[in-house]
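S.K.: Sharing entry_37.cif below, mmCIF, N, CA and C atoms:
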```cif
data_entry
loop_
_atom_site.label_atom_id
_atom_site.label_comp_id
_atom_site.auth_asym_id
_atom_site.auth_seq_id
_atom_site.Cartn_x
_atom_site.Cartn_y
_atom_site.Cartn_z
N MET X 91 28.39 6.21 -0.30
CA MET X 91 27.48 5.20 0.16
C MET X 91 26.84 5.68 1.47
N ALA X 92 25.57 5.42 1.64
CA ALA X 92 24.84 5.85 2.83
C ALA X 92 25.24 5.03 4.05
N ASP X 93 25.10 5.65 5.23
CA ASP X 93 25.37 4.96 6.48
C ASP X 93 24.23 4.03 6.90
N TRP X 94 23.17 4.02 6.16
CA TRP X 94 22.01 3.22 6.49
C TRP X 94 21.60 2.43 5.27
N GLU X 95 20.79 1.46 5.49
CA GLU X 95 20.24 0.72 4.36
C GLU X 95 18.73 0.64 4.54
N LEU X 96 18.03 0.67 3.44
CA LEU X 96 16.59 0.59 3.47
C LEU X 96 16.18 -0.85 3.73
N ARG X 97 15.38 -1.06 4.74
CA ARG X 97 14.90 -2.39 5.06
C ARG X 97 13.39 -2.44 4.85
N PRO X 98 12.88 -3.57 4.41
CA PRO X 98 11.43 -3.67 4.23
C PRO X 98 10.71 -3.46 5.55
N ALA X 99 9.56 -2.86 5.45
CA ALA X 99 8.70 -2.66 6.61
C ALA X 99 7.36 -3.29 6.30
N SER X 100 6.64 -3.61 7.32
CA SER X 100 5.33 -4.18 7.08
C SER X 100 4.35 -3.72 8.15
N ALA X 101 3.12 -3.72 7.77
CA ALA X 101 2.02 -3.49 8.71
C ALA X 101 1.11 -4.70 8.58
N GLU X 102 0.78 -5.26 9.69
CA GLU X 102 -0.03 -6.47 9.64
C GLU X 102 -1.48 -6.18 9.24
N HIS X 103 -2.05 -5.10 9.80
CA HIS X 103 -3.44 -4.76 9.50
C HIS X 103 -3.60 -3.25 9.43
N PHE X 104 -4.52 -2.81 8.60
CA PHE X 104 -4.84 -1.38 8.48
C PHE X 104 -6.36 -1.28 8.36
N TYR X 105 -6.99 -1.01 9.47
CA TYR X 105 -8.45 -0.95 9.51
C TYR X 105 -8.90 0.40 10.06
N LEU X 106 -10.05 0.85 9.59
CA LEU X 106 -10.72 2.02 10.16
C LEU X 106 -12.08 1.58 10.67
N ALA X 107 -12.51 2.18 11.75
CA ALA X 107 -13.86 1.92 12.25
C ALA X 107 -14.86 2.30 11.15
N PRO X 108 -15.91 1.53 11.00
CA PRO X 108 -16.87 1.79 9.92
C PRO X 108 -17.37 3.23 9.85
N HIS X 109 -17.56 3.88 11.00
CA HIS X 109 -18.06 5.26 10.95
C HIS X 109 -17.04 6.25 10.39
N LEU X 110 -15.79 5.82 10.24
CA LEU X 110 -14.74 6.68 9.67
C LEU X 110 -14.52 6.43 8.19
N HIS X 111 -15.14 5.39 7.64
CA HIS X 111 -15.00 5.12 6.21
C HIS X 111 -15.50 6.31 5.42
N GLY X 112 -14.76 6.68 4.38
CA GLY X 112 -15.16 7.80 3.54
C GLY X 112 -14.78 9.16 4.10
N SER X 113 -14.09 9.19 5.22
CA SER X 113 -13.72 10.48 5.85
C SER X 113 -12.41 11.05 5.32
N GLY X 114 -11.66 10.25 4.56
CA GLY X 114 -10.37 10.71 4.04
C GLY X 114 -9.19 10.31 4.90
N ILE X 115 -9.45 9.71 6.06
CA ILE X 115 -8.35 9.33 6.95
C ILE X 115 -7.49 8.22 6.32
N GLY X 116 -8.13 7.20 5.79
CA GLY X 116 -7.38 6.12 5.16
C GLY X 116 -6.53 6.62 4.00
N THR X 117 -7.11 7.49 3.18
CA THR X 117 -6.37 8.07 2.06
C THR X 117 -5.18 8.87 2.55
N ALA X 118 -5.36 9.67 3.60
CA ALA X 118 -4.26 10.49 4.12
C ALA X 118 -3.12 9.63 4.65
N VAL X 119 -3.45 8.58 5.40
CA VAL X 119 -2.41 7.69 5.94
C VAL X 119 -1.69 6.97 4.81
N LEU X 120 -2.45 6.43 3.87
CA LEU X 120 -1.85 5.71 2.75
C LEU X 120 -0.99 6.65 1.91
N ARG X 121 -1.46 7.85 1.64
CA ARG X 121 -0.70 8.81 0.83
C ARG X 121 0.64 9.14 1.50
N ALA X 122 0.63 9.35 2.82
CA ALA X 122 1.88 9.65 3.54
C ALA X 122 2.86 8.49 3.43
N LEU X 123 2.37 7.27 3.58
CA LEU X 123 3.22 6.09 3.45
C LEU X 123 3.78 5.97 2.04
N LEU X 124 2.91 6.15 1.04
CA LEU X 124 3.36 5.99 -0.35
C LEU X 124 4.31 7.10 -0.76
N ASP X 125 4.13 8.31 -0.25
CA ASP X 125 5.08 9.39 -0.54
C ASP X 125 6.47 9.01 -0.06
N ARG X 126 6.54 8.44 1.12
CA ARG X 126 7.85 8.03 1.66
C ARG X 126 8.43 6.89 0.83
N CYS X 127 7.59 5.93 0.48
CA CYS X 127 8.07 4.81 -0.34
C CYS X 127 8.55 5.30 -1.70
N ASP X 128 7.86 6.26 -2.28
CA ASP X 128 8.29 6.83 -3.55
C ASP X 128 9.67 7.48 -3.42
N ARG X 129 9.85 8.27 -2.37
CA ARG X 129 11.15 8.93 -2.16
C ARG X 129 12.26 7.91 -1.97
N ASP X 130 11.95 6.81 -1.28
CA ASP X 130 12.95 5.79 -0.98
C ASP X 130 13.11 4.76 -2.09
N GLY X 131 12.22 4.82 -3.11
CA GLY X 131 12.28 3.84 -4.19
C GLY X 131 11.81 2.46 -3.77
N THR X 132 10.87 2.40 -2.84
CA THR X 132 10.42 1.13 -2.27
C THR X 132 9.14 0.63 -2.92
N ARG X 133 9.17 -0.60 -3.37
CA ARG X 133 7.96 -1.29 -3.87
C ARG X 133 7.10 -1.64 -2.66
N VAL X 134 5.79 -1.55 -2.82
CA VAL X 134 4.86 -1.88 -1.74
C VAL X 134 3.97 -3.03 -2.19
N ARG X 135 3.87 -4.02 -1.33
CA ARG X 135 2.96 -5.15 -1.58
C ARG X 135 2.00 -5.25 -0.42
N LEU X 136 0.77 -5.64 -0.74
CA LEU X 136 -0.23 -5.86 0.31
C LEU X 136 -1.28 -6.82 -0.21
N ASN X 137 -2.14 -7.23 0.69
CA ASN X 137 -3.25 -8.07 0.25
C ASN X 137 -4.52 -7.62 0.94
N VAL X 138 -5.63 -7.83 0.25
CA VAL X 138 -6.96 -7.54 0.77
C VAL X 138 -7.82 -8.77 0.53
N LEU X 139 -8.87 -8.87 1.31
CA LEU X 139 -9.81 -9.98 1.12
C LEU X 139 -10.58 -9.79 -0.18
N GLN X 140 -10.88 -10.87 -0.83
CA GLN X 140 -11.74 -10.81 -2.02
C GLN X 140 -13.02 -10.06 -1.64
N GLY X 141 -13.43 -9.12 -2.48
CA GLY X 141 -14.66 -8.37 -2.24
C GLY X 141 -14.53 -7.19 -1.30
N SER X 142 -13.35 -6.94 -0.75
CA SER X 142 -13.16 -5.83 0.18
C SER X 142 -13.25 -4.50 -0.55
N PRO X 143 -14.01 -3.54 -0.01
CA PRO X 143 -14.05 -2.21 -0.62
C PRO X 143 -12.70 -1.49 -0.54
N ALA X 144 -11.81 -1.94 0.34
CA ALA X 144 -10.48 -1.32 0.45
C ALA X 144 -9.68 -1.49 -0.85
N ARG X 145 -10.00 -2.50 -1.61
CA ARG X 145 -9.28 -2.71 -2.88
C ARG X 145 -9.37 -1.48 -3.77
N ARG X 146 -10.53 -0.83 -3.81
CA ARG X 146 -10.68 0.37 -4.63
C ARG X 146 -9.73 1.49 -4.17
N LEU X 147 -9.59 1.63 -2.86
CA LEU X 147 -8.67 2.63 -2.32
C LEU X 147 -7.26 2.38 -2.83
N TYR X 148 -6.81 1.14 -2.72
CA TYR X 148 -5.45 0.82 -3.15
C TYR X 148 -5.28 0.98 -4.66
N GLU X 149 -6.25 0.57 -5.42
CA GLU X 149 -6.15 0.72 -6.88
C GLU X 149 -6.13 2.19 -7.29
N ARG X 150 -6.85 3.04 -6.58
CA ARG X 150 -6.81 4.49 -6.87
C ARG X 150 -5.42 5.05 -6.63
N HIS X 151 -4.65 4.39 -5.80
CA HIS X 151 -3.30 4.86 -5.48
C HIS X 151 -2.22 4.09 -6.23
N GLY X 152 -2.59 3.45 -7.31
CA GLY X 152 -1.61 2.85 -8.20
C GLY X 152 -1.29 1.39 -7.99
N PHE X 153 -1.96 0.72 -7.08
CA PHE X 153 -1.72 -0.70 -6.88
C PHE X 153 -2.38 -1.49 -8.01
N THR X 154 -1.73 -2.56 -8.41
CA THR X 154 -2.27 -3.45 -9.42
C THR X 154 -2.25 -4.88 -8.87
N VAL X 155 -3.09 -5.72 -9.44
CA VAL X 155 -3.17 -7.11 -8.99
C VAL X 155 -1.92 -7.86 -9.43
N GLU X 156 -1.29 -8.50 -8.48
CA GLU X 156 -0.13 -9.34 -8.77
C GLU X 156 -0.60 -10.79 -8.92
N THR X 157 -1.46 -11.21 -8.02
CA THR X 157 -2.06 -12.54 -8.07
C THR X 157 -3.26 -12.54 -7.12
N GLU X 158 -4.04 -13.58 -7.20
CA GLU X 158 -5.15 -13.73 -6.26
C GLU X 158 -5.46 -15.19 -6.05
N ASP X 159 -6.13 -15.44 -4.95
CA ASP X 159 -6.59 -16.79 -4.64
C ASP X 159 -8.04 -16.68 -4.20
N PRO X 160 -8.66 -17.76 -3.79
CA PRO X 160 -10.08 -17.69 -3.43
C PRO X 160 -10.38 -16.76 -2.25
N VAL X 161 -9.38 -16.46 -1.43
CA VAL X 161 -9.60 -15.63 -0.24
C VAL X 161 -9.04 -14.22 -0.40
N ASP X 162 -7.84 -14.09 -0.94
CA ASP X 162 -7.12 -12.82 -0.98
C ASP X 162 -6.81 -12.35 -2.39
N VAL X 163 -6.64 -11.03 -2.50
CA VAL X 163 -6.12 -10.39 -3.70
C VAL X 163 -4.78 -9.77 -3.29
N PHE X 164 -3.71 -10.12 -3.98
CA PHE X 164 -2.37 -9.62 -3.68
C PHE X 164 -2.05 -8.50 -4.66
N LEU X 165 -1.76 -7.33 -4.10
CA LEU X 165 -1.53 -6.14 -4.90
C LEU X 165 -0.09 -5.67 -4.75
N VAL X 166 0.39 -4.96 -5.76
CA VAL X 166 1.74 -4.41 -5.73
C VAL X 166 1.71 -3.00 -6.31
N ARG X 167 2.60 -2.15 -5.82
CA ARG X 167 2.75 -0.80 -6.36
C ARG X 167 4.23 -0.48 -6.44
N GLU X 168 4.67 -0.18 -7.65
CA GLU X 168 6.06 0.22 -7.85
C GLU X 168 6.21 1.69 -7.43
N PRO X 169 7.40 2.09 -7.02
CA PRO X 169 7.58 3.49 -6.63
C PRO X 169 7.33 4.42 -7.81
N ASN X 170 6.75 5.56 -7.53
CA ASN X 170 6.49 6.59 -8.53
C ASN X 170 7.80 7.33 -8.77
N ARG X 171 8.41 7.13 -9.89
CA ARG X 171 9.73 7.72 -10.18
C ARG X 171 9.67 9.24 -10.25
N MET X 172 8.51 9.82 -10.53
CA MET X 172 8.37 11.27 -10.63
C MET X 172 8.50 11.91 -9.24
N SER X 173 8.29 11.12 -8.16
CA SER X 173 8.36 11.65 -6.82
C SER X 173 9.75 11.51 -6.20
N MET X 174 10.62 10.78 -6.89
CA MET X 174 11.94 10.49 -6.33
C MET X 174 12.88 11.65 -6.54
#
```
Rewrite the structure of this file - the entire thing - as structure tokens.
M.R.:
Amino acid sequence: MADWELRPASAEHFYLAPHLHGSGIGTAVLRALLDRCDRDGTRVRLNVLQGSPARRLYERHGFTVETEDPVDVFLVREPNRMSM
């Protein structure tokens, strides 16, 4: 048994300045986070505003819609077992 336990982590906001959109920075940060979550077997949940272009970024990285309301879209991504 490990001396540590995996605890959920959260980030309240993840924004890039508009002039940095499309530069690959968001993809690089998200990829690093998801690689770690895959290794740890951690499910990731997040939400984006309805109509946000960030939704495409998350969907490209395996997130799927869990539920939505008039304001937010709630997404989830299961760990990639091939990376574990």
S.K.: Evaluating the PyMOL selection byres ((chain X and resi 158-173) around 8) on the displayed file yields which residues, as a PDB file with N, CA and C atoms, keeping the file's coordinate frame?
M.R.:
```
ATOM      1  N   LEU X 124       2.910   6.150   1.040  1.00  0.00           N
ATOM      2  CA  LEU X 124       3.360   5.990  -0.350  1.00  0.00           C
ATOM      3  C   LEU X 124       4.310   7.100  -0.760  1.00  0.00           C
ATOM      4  N   ASP X 125       4.130   8.310  -0.250  1.00  0.00           N
ATOM      5  CA  ASP X 125       5.080   9.390  -0.540  1.00  0.00           C
ATOM      6  C   ASP X 125       6.470   9.010  -0.060  1.00  0.00           C
ATOM      7  N   CYS X 127       7.590   5.930   0.480  1.00  0.00           N
ATOM      8  CA  CYS X 127       8.070   4.810  -0.340  1.00  0.00           C
ATOM      9  C   CYS X 127       8.550   5.300  -1.700  1.00  0.00           C
ATOM     10  N   ASP X 128       7.860   6.260  -2.280  1.00  0.00           N
ATOM     11  CA  ASP X 128       8.290   6.830  -3.550  1.00  0.00           C
ATOM     12  C   ASP X 128       9.670   7.480  -3.420  1.00  0.00           C
ATOM     13  N   ARG X 129       9.850   8.270  -2.370  1.00  0.00           N
ATOM     14  CA  ARG X 129      11.150   8.930  -2.160  1.00  0.00           C
ATOM     15  C   ARG X 129      12.260   7.910  -1.970  1.00  0.00           C
ATOM     16  N   ASP X 130      11.950   6.810  -1.280  1.00  0.00           N
ATOM     17  CA  ASP X 130      12.950   5.790  -0.980  1.00  0.00           C
ATOM     18  C   ASP X 130      13.110   4.760  -2.090  1.00  0.00           C
ATOM     19  N   GLY X 131      12.220   4.820  -3.110  1.00  0.00           N
ATOM     20  CA  GLY X 131      12.280   3.840  -4.190  1.00  0.00           C
ATOM     21  C   GLY X 131      11.810   2.460  -3.770  1.00  0.00           C
ATOM     22  N   THR X 132      10.870   2.400  -2.840  1.00  0.00           N
ATOM     23  CA  THR X 132      10.420   1.130  -2.270  1.00  0.00           C
ATOM     24  C   THR X 132       9.140   0.630  -2.920  1.00  0.00           C
ATOM     25  N   ARG X 133       9.170  -0.600  -3.370  1.00  0.00           N
ATOM     26  CA  ARG X 133       7.960  -1.290  -3.870  1.00  0.00           C
ATOM     27  C   ARG X 133       7.100  -1.640  -2.660  1.00  0.00           C
ATOM     28  N   VAL X 134       5.790  -1.550  -2.820  1.00  0.00           N
ATOM     29  CA  VAL X 134       4.860  -1.880  -1.740  1.00  0.00           C
ATOM     30  C   VAL X 134       3.970  -3.030  -2.190  1.00  0.00           C
ATOM     31  N   ARG X 135       3.870  -4.020  -1.330  1.00  0.00           N
ATOM     32  CA  ARG X 135       2.960  -5.150  -1.580  1.00  0.00           C
ATOM     33  C   ARG X 135       2.000  -5.250  -0.420  1.00  0.00           C
ATOM     34  N   LEU X 136       0.770  -5.640  -0.740  1.00  0.00           N
ATOM     35  CA  LEU X 136      -0.230  -5.860   0.310  1.00  0.00           C
ATOM     36  C   LEU X 136      -1.280  -6.820  -0.210  1.00  0.00           C
ATOM     37  N   ASN X 137      -2.140  -7.230   0.690  1.00  0.00           N
ATOM     38  CA  ASN X 137      -3.250  -8.070   0.250  1.00  0.00           C
ATOM     39  C   ASN X 137      -4.520  -7.620   0.940  1.00  0.00           C
ATOM     40  N   VAL X 138      -5.630  -7.830   0.250  1.00  0.00           N
ATOM     41  CA  VAL X 138      -6.960  -7.540   0.770  1.00  0.00           C
ATOM     42  C   VAL X 138      -7.820  -8.770   0.530  1.00  0.00           C
ATOM     43  N   LEU X 139      -8.870  -8.870   1.310  1.00  0.00           N
ATOM     44  CA  LEU X 139      -9.810  -9.980   1.120  1.00  0.00           C
ATOM     45  C   LEU X 139     -10.580  -9.790  -0.180  1.00  0.00           C
ATOM     46  N   GLN X 140     -10.880 -10.870  -0.830  1.00  0.00           N
ATOM     47  CA  GLN X 140     -11.740 -10.810  -2.020  1.00  0.00           C
ATOM     48  C   GLN X 140     -13.020 -10.060  -1.640  1.00  0.00           C
ATOM     49  N   GLY X 141     -13.430  -9.120  -2.480  1.00  0.00           N
ATOM     50  CA  GLY X 141     -14.660  -8.370  -2.240  1.00  0.00           C
ATOM     51  C   GLY X 141     -14.530  -7.190  -1.300  1.00  0.00           C
ATOM     52  N   HIS X 151      -4.650   4.390  -5.800  1.00  0.00           N
ATOM     53  CA  HIS X 151      -3.300   4.860  -5.480  1.00  0.00           C
ATOM     54  C   HIS X 151      -2.220   4.090  -6.230  1.00  0.00           C
ATOM     55  N   GLY X 152      -2.590   3.450  -7.310  1.00  0.00           N
ATOM     56  CA  GLY X 152      -1.610   2.850  -8.200  1.00  0.00           C
ATOM     57  C   GLY X 152      -1.290   1.390  -7.990  1.00  0.00           C
ATOM     58  N   PHE X 153      -1.960   0.720  -7.080  1.00  0.00           N
ATOM     59  CA  PHE X 153      -1.720  -0.700  -6.880  1.00  0.00           C
ATOM     60  C   PHE X 153      -2.380  -1.490  -8.010  1.00  0.00           C
ATOM     61  N   THR X 154      -1.730  -2.560  -8.410  1.00  0.00           N
ATOM     62  CA  THR X 154      -2.270  -3.450  -9.420  1.00  0.00           C
ATOM     63  C   THR X 154      -2.250  -4.880  -8.870  1.00  0.00           C
ATOM     64  N   VAL X 155      -3.090  -5.720  -9.440  1.00  0.00           N
ATOM     65  CA  VAL X 155      -3.170  -7.110  -8.990  1.00  0.00           C
ATOM     66  C   VAL X 155      -1.920  -7.860  -9.430  1.00  0.00           C
ATOM     67  N   GLU X 156      -1.290  -8.500  -8.480  1.00  0.00           N
ATOM     68  CA  GLU X 156      -0.130  -9.340  -8.770  1.00  0.00           C
ATOM     69  C   GLU X 156      -0.600 -10.790  -8.920  1.00  0.00           C
ATOM     70  N   THR X 157      -1.460 -11.210  -8.020  1.00  0.00           N
ATOM     71  CA  THR X 157      -2.060 -12.540  -8.070  1.00  0.00           C
ATOM     72  C   THR X 157      -3.260 -12.540  -7.120  1.00  0.00           C
ATOM     73  N   MET X 174      10.620  10.780  -6.890  1.00  0.00           N
ATOM     74  CA  MET X 174      11.940  10.490  -6.330  1.00  0.00           C
ATOM     75  C   MET X 174      12.880  11.650  -6.540  1.00  0.00           C
TER      76      MET X 174
END
```
S.K.: Can you tell me how far CA of Gly112 in chain X sits from CA of Glu149 in chain X, in Å to one decimal?
M.R.: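 Taking CA of Gly112 in chain X and CA of Glu149 in chain X, their separation equals 15.5 Å.
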S.K.: Between atom C of Tyr105 in chain X and CA of Ala144 in chain X, what is the distance in Å, rounded to a tenth?
M.R.: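 Spanning atom C of Tyr105 in chain X to CA of Ala144 in chain X is a straight-line distance of 9.9 Å.
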S.K.: One decimal, in Å: what's the spacing between atom N of His109 in chain X and CA of Ser142 in chain X?
M.R.: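 Result for atom N of His109 in chain X versus CA of Ser142 in chain X: 15.2 Å, one decimal.
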S.K.: Please give the complete set of residues from chain X that DSSP, run on the backbone, assigns to helix (DSSP H, G or I), formatted as a PyMOL selection string.
M.R.: chain X and resi 108-110+115-130+144-150+171-173
S.K.: Running DSSP on the backbone, which parts of chain X land in strand (DSSP E or B), as a PDB file with N, CA and C atoms, in the frame of the given file?
M.R.:
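Full text of part-v5.pdb as output:
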```pdb
ATOM      1  N   VAL X 134       5.790  -1.550  -2.820  1.00  0.00           N
ATOM      2  CA  VAL X 134       4.860  -1.880  -1.740  1.00  0.00           C
ATOM      3  C   VAL X 134       3.970  -3.030  -2.190  1.00  0.00           C
ATOM      4  N   ARG X 135       3.870  -4.020  -1.330  1.00  0.00           N
ATOM      5  CA  ARG X 135       2.960  -5.150  -1.580  1.00  0.00           C
ATOM      6  C   ARG X 135       2.000  -5.250  -0.420  1.00  0.00           C
ATOM      7  N   LEU X 136       0.770  -5.640  -0.740  1.00  0.00           N
ATOM      8  CA  LEU X 136      -0.230  -5.860   0.310  1.00  0.00           C
ATOM      9  C   LEU X 136      -1.280  -6.820  -0.210  1.00  0.00           C
ATOM     10  N   ASN X 137      -2.140  -7.230   0.690  1.00  0.00           N
ATOM     11  CA  ASN X 137      -3.250  -8.070   0.250  1.00  0.00           C
ATOM     12  C   ASN X 137      -4.520  -7.620   0.940  1.00  0.00           C
ATOM     13  N   VAL X 138      -5.630  -7.830   0.250  1.00  0.00           N
ATOM     14  CA  VAL X 138      -6.960  -7.540   0.770  1.00  0.00           C
ATOM     15  C   VAL X 138      -7.820  -8.770   0.530  1.00  0.00           C
ATOM     16  N   LEU X 139      -8.870  -8.870   1.310  1.00  0.00           N
ATOM     17  CA  LEU X 139      -9.810  -9.980   1.120  1.00  0.00           C
ATOM     18  C   LEU X 139     -10.580  -9.790  -0.180  1.00  0.00           C
ATOM     19  N   THR X 154      -1.730  -2.560  -8.410  1.00  0.00           N
ATOM     20  CA  THR X 154      -2.270  -3.450  -9.420  1.00  0.00           C
ATOM     21  C   THR X 154      -2.250  -4.880  -8.870  1.00  0.00           C
ATOM     22  N   VAL X 155      -3.090  -5.720  -9.440  1.00  0.00           N
ATOM     23  CA  VAL X 155      -3.170  -7.110  -8.990  1.00  0.00           C
ATOM     24  C   VAL X 155      -1.920  -7.860  -9.430  1.00  0.00           C
ATOM     25  N   GLU X 156      -1.290  -8.500  -8.480  1.00  0.00           N
ATOM     26  CA  GLU X 156      -0.130  -9.340  -8.770  1.00  0.00           C
ATOM     27  C   GLU X 156      -0.600 -10.790  -8.920  1.00  0.00           C
ATOM     28  N   THR X 157      -1.460 -11.210  -8.020  1.00  0.00           N
ATOM     29  CA  THR X 157      -2.060 -12.540  -8.070  1.00  0.00           C
ATOM     30  C   THR X 157      -3.260 -12.540  -7.120  1.00  0.00           C
ATOM     31  N   GLU X 158      -4.040 -13.580  -7.200  1.00  0.00           N
ATOM     32  CA  GLU X 158      -5.150 -13.730  -6.260  1.00  0.00           C
ATOM     33  C   GLU X 158      -5.460 -15.190  -6.050  1.00  0.00           C
ATOM     34  N   ASP X 162      -7.840 -14.090  -0.940  1.00  0.00           N
ATOM     35  CA  ASP X 162      -7.120 -12.820  -0.980  1.00  0.00           C
ATOM     36  C   ASP X 162      -6.810 -12.350  -2.390  1.00  0.00           C
ATOM     37  N   VAL X 163      -6.640 -11.030  -2.500  1.00  0.00           N
ATOM     38  CA  VAL X 163      -6.120 -10.390  -3.700  1.00  0.00           C
ATOM     39  C   VAL X 163      -4.780  -9.770  -3.290  1.00  0.00           C
ATOM     40  N   PHE X 164      -3.710 -10.120  -3.980  1.00  0.00           N
ATOM     41  CA  PHE X 164      -2.370  -9.620  -3.680  1.00  0.00           C
ATOM     42  C   PHE X 164      -2.050  -8.500  -4.660  1.00  0.00           C
ATOM     43  N   LEU X 165      -1.760  -7.330  -4.100  1.00  0.00           N
ATOM     44  CA  LEU X 165      -1.530  -6.140  -4.900  1.00  0.00           C
ATOM     45  C   LEU X 165      -0.090  -5.670  -4.750  1.00  0.00           C
ATOM     46  N   VAL X 166       0.390  -4.960  -5.760  1.00  0.00           N
ATOM     47  CA  VAL X 166       1.740  -4.410  -5.730  1.00  0.00           C
ATOM     48  C   VAL X 166       1.710  -3.000  -6.310  1.00  0.00           C
ATOM     49  N   ARG X 167       2.600  -2.150  -5.820  1.00  0.00           N
ATOM     50  CA  ARG X 167       2.750  -0.800  -6.360  1.00  0.00           C
ATOM     51  C   ARG X 167       4.230  -0.480  -6.440  1.00  0.00           C
TER      52      ARG X 167
END
```
S.K.: Can you put N, CA, C and O atoms back into range 113-129 of chain X and show it as an mmCIF file, keeping the file's coordinate frame?
M.R.:
```
data_model
loop_
_atom_site.group_PDB
_atom_site.id
_atom_site.type_symbol
_atom_site.label_atom_id
_atom_site.label_comp_id
_atom_site.auth_asym_id
_atom_site.auth_seq_id
_atom_site.Cartn_x
_atom_site.Cartn_y
_atom_site.Cartn_z
ATOM 1 N N SER X 113 -14.090 9.190 5.220
ATOM 2 C CA SER X 113 -13.720 10.480 5.850
ATOM 3 C C SER X 113 -12.410 11.050 5.320
ATOM 4 O O SER X 113 -12.063 12.176 5.629
ATOM 5 N N GLY X 114 -11.660 10.250 4.560
ATOM 6 C CA GLY X 114 -10.370 10.710 4.040
ATOM 7 C C GLY X 114 -9.190 10.310 4.900
ATOM 8 O O GLY X 114 -8.037 10.522 4.520
ATOM 9 N N ILE X 115 -9.450 9.710 6.060
ATOM 10 C CA ILE X 115 -8.350 9.330 6.950
ATOM 11 C C ILE X 115 -7.490 8.220 6.320
ATOM 12 O O ILE X 115 -6.265 8.306 6.323
ATOM 13 N N GLY X 116 -8.130 7.200 5.790
ATOM 14 C CA GLY X 116 -7.380 6.120 5.160
ATOM 15 C C GLY X 116 -6.530 6.620 4.000
ATOM 16 O O GLY X 116 -5.368 6.244 3.854
ATOM 17 N N THR X 117 -7.110 7.490 3.180
ATOM 18 C CA THR X 117 -6.370 8.070 2.060
ATOM 19 C C THR X 117 -5.180 8.870 2.550
ATOM 20 O O THR X 117 -4.074 8.765 1.996
ATOM 21 N N ALA X 118 -5.360 9.670 3.600
ATOM 22 C CA ALA X 118 -4.260 10.490 4.120
ATOM 23 C C ALA X 118 -3.120 9.630 4.650
ATOM 24 O O ALA X 118 -1.944 9.896 4.376
ATOM 25 N N VAL X 119 -3.450 8.580 5.400
ATOM 26 C CA VAL X 119 -2.410 7.690 5.940
ATOM 27 C C VAL X 119 -1.690 6.970 4.810
ATOM 28 O O VAL X 119 -0.456 6.915 4.770
ATOM 29 N N LEU X 120 -2.450 6.430 3.870
ATOM 30 C CA LEU X 120 -1.850 5.710 2.750
ATOM 31 C C LEU X 120 -0.990 6.650 1.910
ATOM 32 O O LEU X 120 0.125 6.286 1.515
ATOM 33 N N ARG X 121 -1.460 7.850 1.640
ATOM 34 C CA ARG X 121 -0.700 8.810 0.830
ATOM 35 C C ARG X 121 0.640 9.140 1.500
ATOM 36 O O ARG X 121 1.683 9.198 0.838
ATOM 37 N N ALA X 122 0.630 9.350 2.820
ATOM 38 C CA ALA X 122 1.880 9.650 3.540
ATOM 39 C C ALA X 122 2.860 8.490 3.430
ATOM 40 O O ALA X 122 4.058 8.691 3.181
ATOM 41 N N LEU X 123 2.370 7.270 3.580
ATOM 42 C CA LEU X 123 3.220 6.090 3.450
ATOM 43 C C LEU X 123 3.780 5.970 2.040
ATOM 44 O O LEU X 123 4.980 5.755 1.844
ATOM 45 N N LEU X 124 2.910 6.150 1.040
ATOM 46 C CA LEU X 124 3.360 5.990 -0.350
ATOM 47 C C LEU X 124 4.310 7.100 -0.760
ATOM 48 O O LEU X 124 5.235 6.857 -1.537
ATOM 49 N N ASP X 125 4.130 8.310 -0.250
ATOM 50 C CA ASP X 125 5.080 9.390 -0.540
ATOM 51 C C ASP X 125 6.470 9.010 -0.060
ATOM 52 O O ASP X 125 7.465 9.204 -0.764
ATOM 53 N N ARG X 126 6.540 8.440 1.120
ATOM 54 C CA ARG X 126 7.850 8.030 1.660
ATOM 55 C C ARG X 126 8.430 6.890 0.830
ATOM 56 O O ARG X 126 9.621 6.870 0.514
ATOM 57 N N CYS X 127 7.590 5.930 0.480
ATOM 58 C CA CYS X 127 8.070 4.810 -0.340
ATOM 59 C C CYS X 127 8.550 5.300 -1.700
ATOM 60 O O CYS X 127 9.550 4.794 -2.223
ATOM 61 N N ASP X 128 7.860 6.260 -2.280
ATOM 62 C CA ASP X 128 8.290 6.830 -3.550
ATOM 63 C C ASP X 128 9.670 7.480 -3.420
ATOM 64 O O ASP X 128 10.558 7.271 -4.242
ATOM 65 N N ARG X 129 9.850 8.270 -2.370
ATOM 66 C CA ARG X 129 11.150 8.930 -2.160
ATOM 67 C C ARG X 129 12.260 7.910 -1.970
ATOM 68 O O ARG X 129 13.385 8.106 -2.429
#
```
